[in-house]
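Quick notes on the structure that follows.
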Amino acid sequence: MVVPSLKLQDLIEEIRGAKTQAQEREVIQKECAHIRASFRDGDPVHRHRQLAKLLYVHMLGYPAHFGQMECLKLIASSRFTDKRVGYLGAMLLLDERHDAHLLITNSIKNDLSQGIQPVQGLALCTLSTMGSAEMCRDLAPEVEKLLLQPSPYVRKKAILTAVHMIRKVPELSSVFLPPCAQLLHERHHGKAVGPPILCFRSMDRRIENRMGTPAHRRRVVHTHRHTRNRLSCPWPPPFTSPTLTPGILLGTITLITELCERSPAALRHFRKVVPQLVHILRTLVTMGYSTEHSISGVSDPFLQVQILRLLRILGRNHEESSETMNDLLAQVATNTDTSRNAGNAVLFETVLTIMDIRSAAGLRVLAVNILGRFLLNSDRNIRYVALTSLLRLVQSDHSAVQRHRPTVVECLRETDASLSRRALELSLALVNSSNVRAMMQELQAFLESCPPDLRADCASGILLAAERFAPTKRWHIDTILHVLTTAGTHVRDDAVANLTQLIGGAQELHAYSVRRLYNALAEDISQQPLVQVAAWCIGEYGDLLLAGNCEEIEPLQVDEEEVLALLEKVLQSHMSLPATRGYALTALMKLSTRLCGDNKAAILEKMPLVERDGPQADEEAKESKEAAQLSEAAPVPTEPQASQLLDLLDLLDGASGDVQHPPHLDPSPGGALVHLLDLPCVPPPPAPIPDLKVFEREGVQLNLSFIRPPENPALLLITITATNFSEGDVTHFICQAAVPKSLQLQLQAPSGNTVPARGGLPITQLFRILNPNKAPLRLKLRLTYDHFHQSVQEIFEVNNLPVESWQ
């Protein structure tokens with residue numbers, strides 16, 4: 001006995017009544033079998049009902065691909081009921097990945113040319129949802145004709161379809177540019193257009209009289225009456241009520257925005273209509289089009305926001321357009337009600353427009369003050385967008401943003417991680433020479449209690465700000481020590497070298513530094529960067545530790561056995577890294593001369609001071625000290641991690657065969673001897689090497705800067721700087737590199753993995769390349785990151801490196 005197929009309503013009730021997932025699968029499998037059988041039999045009368053049930057099954061997550069061809073048959077049918085369900089099925093079951101979507105191009109073209117508004121609406125909705133680039137090119141003339149149709153219902157959907165086409169095929173901008181100028185004069189927004197809406201019986205009669213045979217017309221009317229409230233599918237009414245708006249003006253502004261973003265010719269064309277846009281927006285602000293579109297007392301905030309976005313594009317880098325809209329923006333900023341979220345949305349778009357155009361100075365101060373008020377709002381989303389916008393403004397209007405520094409610091413204590421991160425970035429950007437002491441206290445307090453995922457960024461920011469704005473050397477040393485003590489495992493790799501360089505250059509603070517570091521080491525040996533700096537300092541200035549002549553801190557009685565026992569504890573600790581043990585061994589060897597008074601071994605003398613003068617000299621000094629420490633502590637591994645990437649990226653000099661391994665990345669013997677014996681041999685500073693931009697995509701840029709230490713010309717230091725000028729954050733950023741086999745590459749750890757939007761704190765990473773034969777330098781880079789919720793991977797080769805970087 002064959003079980004009859006269920007109706008849609010019965011199927012829904014039976015599925016919802018299933019008590020287990022197995023029962024639900026059983027019901028769906030049986031019904032899908034009936035649907036397949038009906039499709040094979042070719043029942044034209046009930047095909048749309050079977051597809052409607054299949055679409056419901058698809059929305060539950062079950063396979064429904066076998067209904068794709070049935071969608072094409074229903075779309076090609078002359079019955080309106082079939083077309084309605086067929087187009088809905090095409091929107092749900094077809095996309096660009098299926099070649100079958102191209103088969104409905106001719107049906108959509110015919111339906112767009114029929115002149116029946118409900119059918120045209122269905123075709124336009126489907127085209128704007130899943131239309132591919134090929135379909136857009138083929139159907140652009142038909143959509144262009146419908147843009148100027150008398151029916152506002154068809155015009156609205158045609159405009160939205162044109163927006164989709166522009167996004168898919170930007171070269172179609174020239175097709176839709178002429179109609180936009182006429183659509184901009186639309187005066188029906190918020191007013192009654194077309195005849196009043198008819199009752200369903202009259203609507204059915206209209207459709208009945210305009211398509212199909214008499215039998216088909218009767219079935220269309222019956223099906224519409226029976227299913228209009230039972231099946232959740234798009235039913236576009238062909239006429240508009242006096243209380244509804246077609247949204248033609250809003251759609252037109254959206255279409256013009258897309259055209260201006262993708263076509264320089266369109267941007268120049270629509271700058272002429274800035275006065276007209278200003279007039280429309282002023283009318284909205286002062287009088288409004290209609291009360292039906294007012295939300296919380298704000299007249300049509302959706303249209304206001306869209307006009308402000310378009311004005312932002314038209315006024316960017318254009319003095320005349322910016323001057324035309326200045327007065328209007330001031331009026332919107334001062335007259336918008338901010339008691340509800342709709343007003344805040346309009347006000348925020350106004351601030352963004354003021355920031356992007358060439359606005360007056362007073363107007364920019366007003367925008368910053370508005371963002372300052374947003375920081376006091378109870379809504380976290382509003383506070384977040386305020387922090388993000390202030391971070392973008394801090395470079396151009398630093399003094400105006402500085403007035404809201406106390407409120408920004410308060411946001412550091414937010415429990416929301418995204419708010420805390422934005423507040424941290426803005427707080428670091430607000431640090432200057434006049435407020436560095438107060439800001440460092442706040443940031444250090446935040447470092448002690450911040451979430452683990454923010455500690456690395458906070459520690460790096462504090463170290464960079466302290467190096468740039470330190471009022472005294474002692475304050476600078478204390479700040480770095482506090483960071484190492486609080487979050488030593490989260491600091492950058494260059495923190496150890498920077499602190500040793502700083503202590504070495506402050507001769508009057510040697511005794512103070514060694515005692516502070518000894519106390520910190522005695523309390524905690526788990527923070528590896530702190531242990532490394534302390535071991536280095538004890539090895540260099542251990543005699544001052546035992547002398548006890550430091551008046552700046554409390555007297556400390558230390559004997560030789562306690563110092564040696566502490567270093568031995570470091571050596572035996574399971575937490576000590578190999579580099580840390582190397583520092584401790586070097587300290588023990590040097591203490592053999594410091595404590596016993598045996599100065600015969602020149603190799604164990606104190607490290608010479610390297611002069612620092614500017615950022616380039618800073619890098620050179622750091623490399624010199626690191627090279628000397630490597631020669632004393634431990635050898636560099638012969639197989640760096642980056643060298644294993646060479647085969648992965650297939651970047652070889654020649655055919656695979658016997659390849660000689662490059663020499664270790666150690667300083668030359670002559671250069672090392674100069675440091676060890678402290679000979680007064682200072683090479684002349686090298687000529688600066690120009691920077692190079694190697695990558696740019698959607699606002700993400702990658703720049704290379706180069707340094708060749710004079711004491712080791714075979715060594716090239718490349719600093720990778722990743723910046724982000726787009727509207728979305730770049731997360732999970734990873735940069736990998738490879739060089740030819742004749743070179744040797746070491747990759748230092750990056751400063752982070754997130755590049756904030758709108759020119760936030762960039763990511764930096766150091767590459768060390770040894771090129772003893774001065775071979776032409778080639779560099780292959782692989783970038784992976786997430787941007788706008790999409791994973792991006794780029795592999796490219798850099799062949800245009802400056803000649804000065806390798807010759």
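Order determines the names: the first chain of the structure tokens is A, the second B, and so forth; residues in each chain are numbered 1 upward, and ligands are numbered 1 upward as they are shown.
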Using only C-alpha atoms, what table do you get, as a tab-separated table, when you list each residue of region 409-478 of chain A with an atom no more than 12 Å from region 713-737 of chain A, its nearest pair of atoms, and their distance in Å rounded to one decimal, rows by chain then rising number?
residue	atom	partner	partner_atom	distance
A:Ser418	CA	A:Asp729	CA	11.6
A:Arg421	CA	A:Asp729	CA	11.9
A:Arg422	CA	A:Asp729	CA	11.2
Based on the selection just made, write all heavy atoms of those residues as a PDB file, in the first residue's frame.
ATOM      1  N   SER A 418      36.729  43.605  24.037  1.00  0.00           N
ATOM      2  CA  SER A 418      36.889  44.472  22.870  1.00  0.00           C
ATOM      3  C   SER A 418      36.999  45.939  23.276  1.00  0.00           C
ATOM      4  O   SER A 418      37.789  46.694  22.698  1.00  0.00           O
ATOM      5  CB  SER A 418      35.713  44.277  21.912  1.00  0.00           C
ATOM      6  OG  SER A 418      34.484  44.549  22.566  1.00  0.00           O
ATOM      7  N   ARG A 421      40.527  46.500  24.762  1.00  0.00           N
ATOM      8  CA  ARG A 421      41.573  46.560  23.735  1.00  0.00           C
ATOM      9  C   ARG A 421      41.571  47.915  23.019  1.00  0.00           C
ATOM     10  O   ARG A 421      42.629  48.515  22.801  1.00  0.00           O
ATOM     11  CB  ARG A 421      41.365  45.425  22.723  1.00  0.00           C
ATOM     12  CG  ARG A 421      42.421  45.380  21.637  1.00  0.00           C
ATOM     13  CD  ARG A 421      42.198  44.200  20.707  1.00  0.00           C
ATOM     14  NE  ARG A 421      42.362  42.941  21.398  1.00  0.00           N
ATOM     15  CZ  ARG A 421      43.544  42.363  21.607  1.00  0.00           C
ATOM     16  NH1 ARG A 421      44.646  42.947  21.190  1.00  0.00           N
ATOM     17  NH2 ARG A 421      43.611  41.213  22.232  1.00  0.00           N
ATOM     18  N   ARG A 422      40.396  48.391  22.664  1.00  0.00           N
ATOM     19  CA  ARG A 422      40.336  49.694  22.003  1.00  0.00           C
ATOM     20  C   ARG A 422      40.799  50.804  22.942  1.00  0.00           C
ATOM     21  O   ARG A 422      41.506  51.725  22.533  1.00  0.00           O
ATOM     22  CB  ARG A 422      38.904  49.967  21.541  1.00  0.00           C
ATOM     23  CG  ARG A 422      38.559  49.324  20.217  1.00  0.00           C
ATOM     24  CD  ARG A 422      39.307  50.039  19.097  1.00  0.00           C
ATOM     25  NE  ARG A 422      38.984  49.457  17.807  1.00  0.00           N
ATOM     26  CZ  ARG A 422      39.734  48.570  17.170  1.00  0.00           C
ATOM     27  NH1 ARG A 422      40.843  48.147  17.719  1.00  0.00           N
ATOM     28  NH2 ARG A 422      39.381  48.105  15.986  1.00  0.00           N
TER      29      ARG A 422
END
TODO: Please provide as a PyMOL selection string all residues within 12 Å of Leu122 (chain A), with the sequence filter that same-chain residues fewer than 6 positions apart are discarded (counting only C-alpha atoms).
DONE: chain A and resi 75+80-91+107-109+111-112+116+128-129+153-154+157-158+161+233-238
Per residue of region 404-461 of chain A within 6 Å of region 482-491 of chain A, note the shortest atom pair and the distance in Å to one decimal, counting only C-alpha atoms, and order the rows by chain and increasing residue number, as JSON lines.
{"residue": "A:Ala456", "atom": "CA", "partner": "A:His490", "partner_atom": "CA", "distance": 4.6}
{"residue": "A:Ala459", "atom": "CA", "partner": "A:Val491", "partner_atom": "CA", "distance": 5.8}
{"residue": "A:Ser460", "atom": "CA", "partner": "A:Val491", "partner_atom": "CA", "distance": 6.0}
Open item on the list: I'd like the contact shell of Leu127 (chain A) - 12 Å cut-off, only C-alpha atoms, skipping same-chain residues fewer than 2 positions apart - returned as an NGL selection string.
Closed with: :A and (87-88 or 90-91 or 94-96 or 101-102 or 104-109 or 111-112 or 120-125 or 129-140 or 142-143 or 157-165 or 168)
- [ ] Find the spatial neighbours of region 791-804 of chain A, counting only C-alpha atoms, within a cut-off of 6 Å - ignore same-chain residues fewer than 5 positions away - and output them as a PyMOL selection string.
- [x] chain A and resi 778-786
Take the selection from the previous step and output its residues with N, CA and C atoms, as a PDB file, in the first residue's frame.
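Result file is again-v5.pdb:
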ATOM      1  N   ARG A 778      67.006  37.920  -3.147  1.00  0.00           N
ATOM      2  CA  ARG A 778      65.610  37.665  -3.489  1.00  0.00           C
ATOM      3  C   ARG A 778      64.896  37.239  -2.221  1.00  0.00           C
ATOM      4  N   LEU A 779      63.655  37.656  -2.093  1.00  0.00           N
ATOM      5  CA  LEU A 779      62.877  37.394  -0.883  1.00  0.00           C
ATOM      6  C   LEU A 779      61.479  36.957  -1.296  1.00  0.00           C
ATOM      7  N   LYS A 780      61.063  35.828  -0.761  1.00  0.00           N
ATOM      8  CA  LYS A 780      59.714  35.340  -1.028  1.00  0.00           C
ATOM      9  C   LYS A 780      58.928  35.391   0.266  1.00  0.00           C
ATOM     10  N   LEU A 781      57.747  36.012   0.233  1.00  0.00           N
ATOM     11  CA  LEU A 781      56.934  36.237   1.420  1.00  0.00           C
ATOM     12  C   LEU A 781      55.601  35.509   1.283  1.00  0.00           C
ATOM     13  N   ARG A 782      55.137  35.012   2.414  1.00  0.00           N
ATOM     14  CA  ARG A 782      53.802  34.403   2.481  1.00  0.00           C
ATOM     15  C   ARG A 782      53.052  35.055   3.633  1.00  0.00           C
ATOM     16  N   LEU A 783      51.947  35.724   3.309  1.00  0.00           N
ATOM     17  CA  LEU A 783      51.123  36.418   4.295  1.00  0.00           C
ATOM     18  C   LEU A 783      49.814  35.662   4.452  1.00  0.00           C
ATOM     19  N   THR A 784      49.410  35.464   5.687  1.00  0.00           N
ATOM     20  CA  THR A 784      48.095  34.904   6.000  1.00  0.00           C
ATOM     21  C   THR A 784      47.479  35.749   7.105  1.00  0.00           C
ATOM     22  N   TYR A 785      46.224  36.133   6.918  1.00  0.00           N
ATOM     23  CA  TYR A 785      45.513  36.907   7.926  1.00  0.00           C
ATOM     24  C   TYR A 785      44.016  36.844   7.637  1.00  0.00           C
ATOM     25  N   ASP A 786      43.240  37.292   8.601  1.00  0.00           N
ATOM     26  CA  ASP A 786      41.778  37.377   8.476  1.00  0.00           C
ATOM     27  C   ASP A 786      41.379  38.841   8.378  1.00  0.00           C
TER      28      ASP A 786
END
TODO: Please indicate the distance in Å from CA of Gln306 (chain A) to CA of Val401 (chain A), rounded to one decimal place.
DONE: 26.8 Å
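As for CA of Leu571 (chain A) and CA of Leu502 (chain A), they are spaced 25.4 Å apart.
In this model, the gap between CA of Val175 (chain A) and CA of Leu259 (chain A) comes to 10.5 Å.
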- [ ] List every residue of region 2-186 of chain A that DSSP, applied to the backbone, labels as helix (DSSP H, G or I), and write the result as a ChimeraX atom specification.
- [x] /A:8-16,21-41,47-59,65-76,80-93,99-114,117-130,133-146,152-168,170-183
Open item on the list: If we count only C-alpha atoms and set the cut-off at 12 Å, which residues sit around Leu577 (chain A), ignoring sequence neighbours fewer than 5 positions away in its own chain? Please answer as a list in words.
Closed with: Thr489, Ile525, Ser526, Gln527, Gln528, Pro529, Val531, Gln532, Val570, Leu571, Gln572, Gly582, Tyr583, Ala584 and Ala634 of chain A
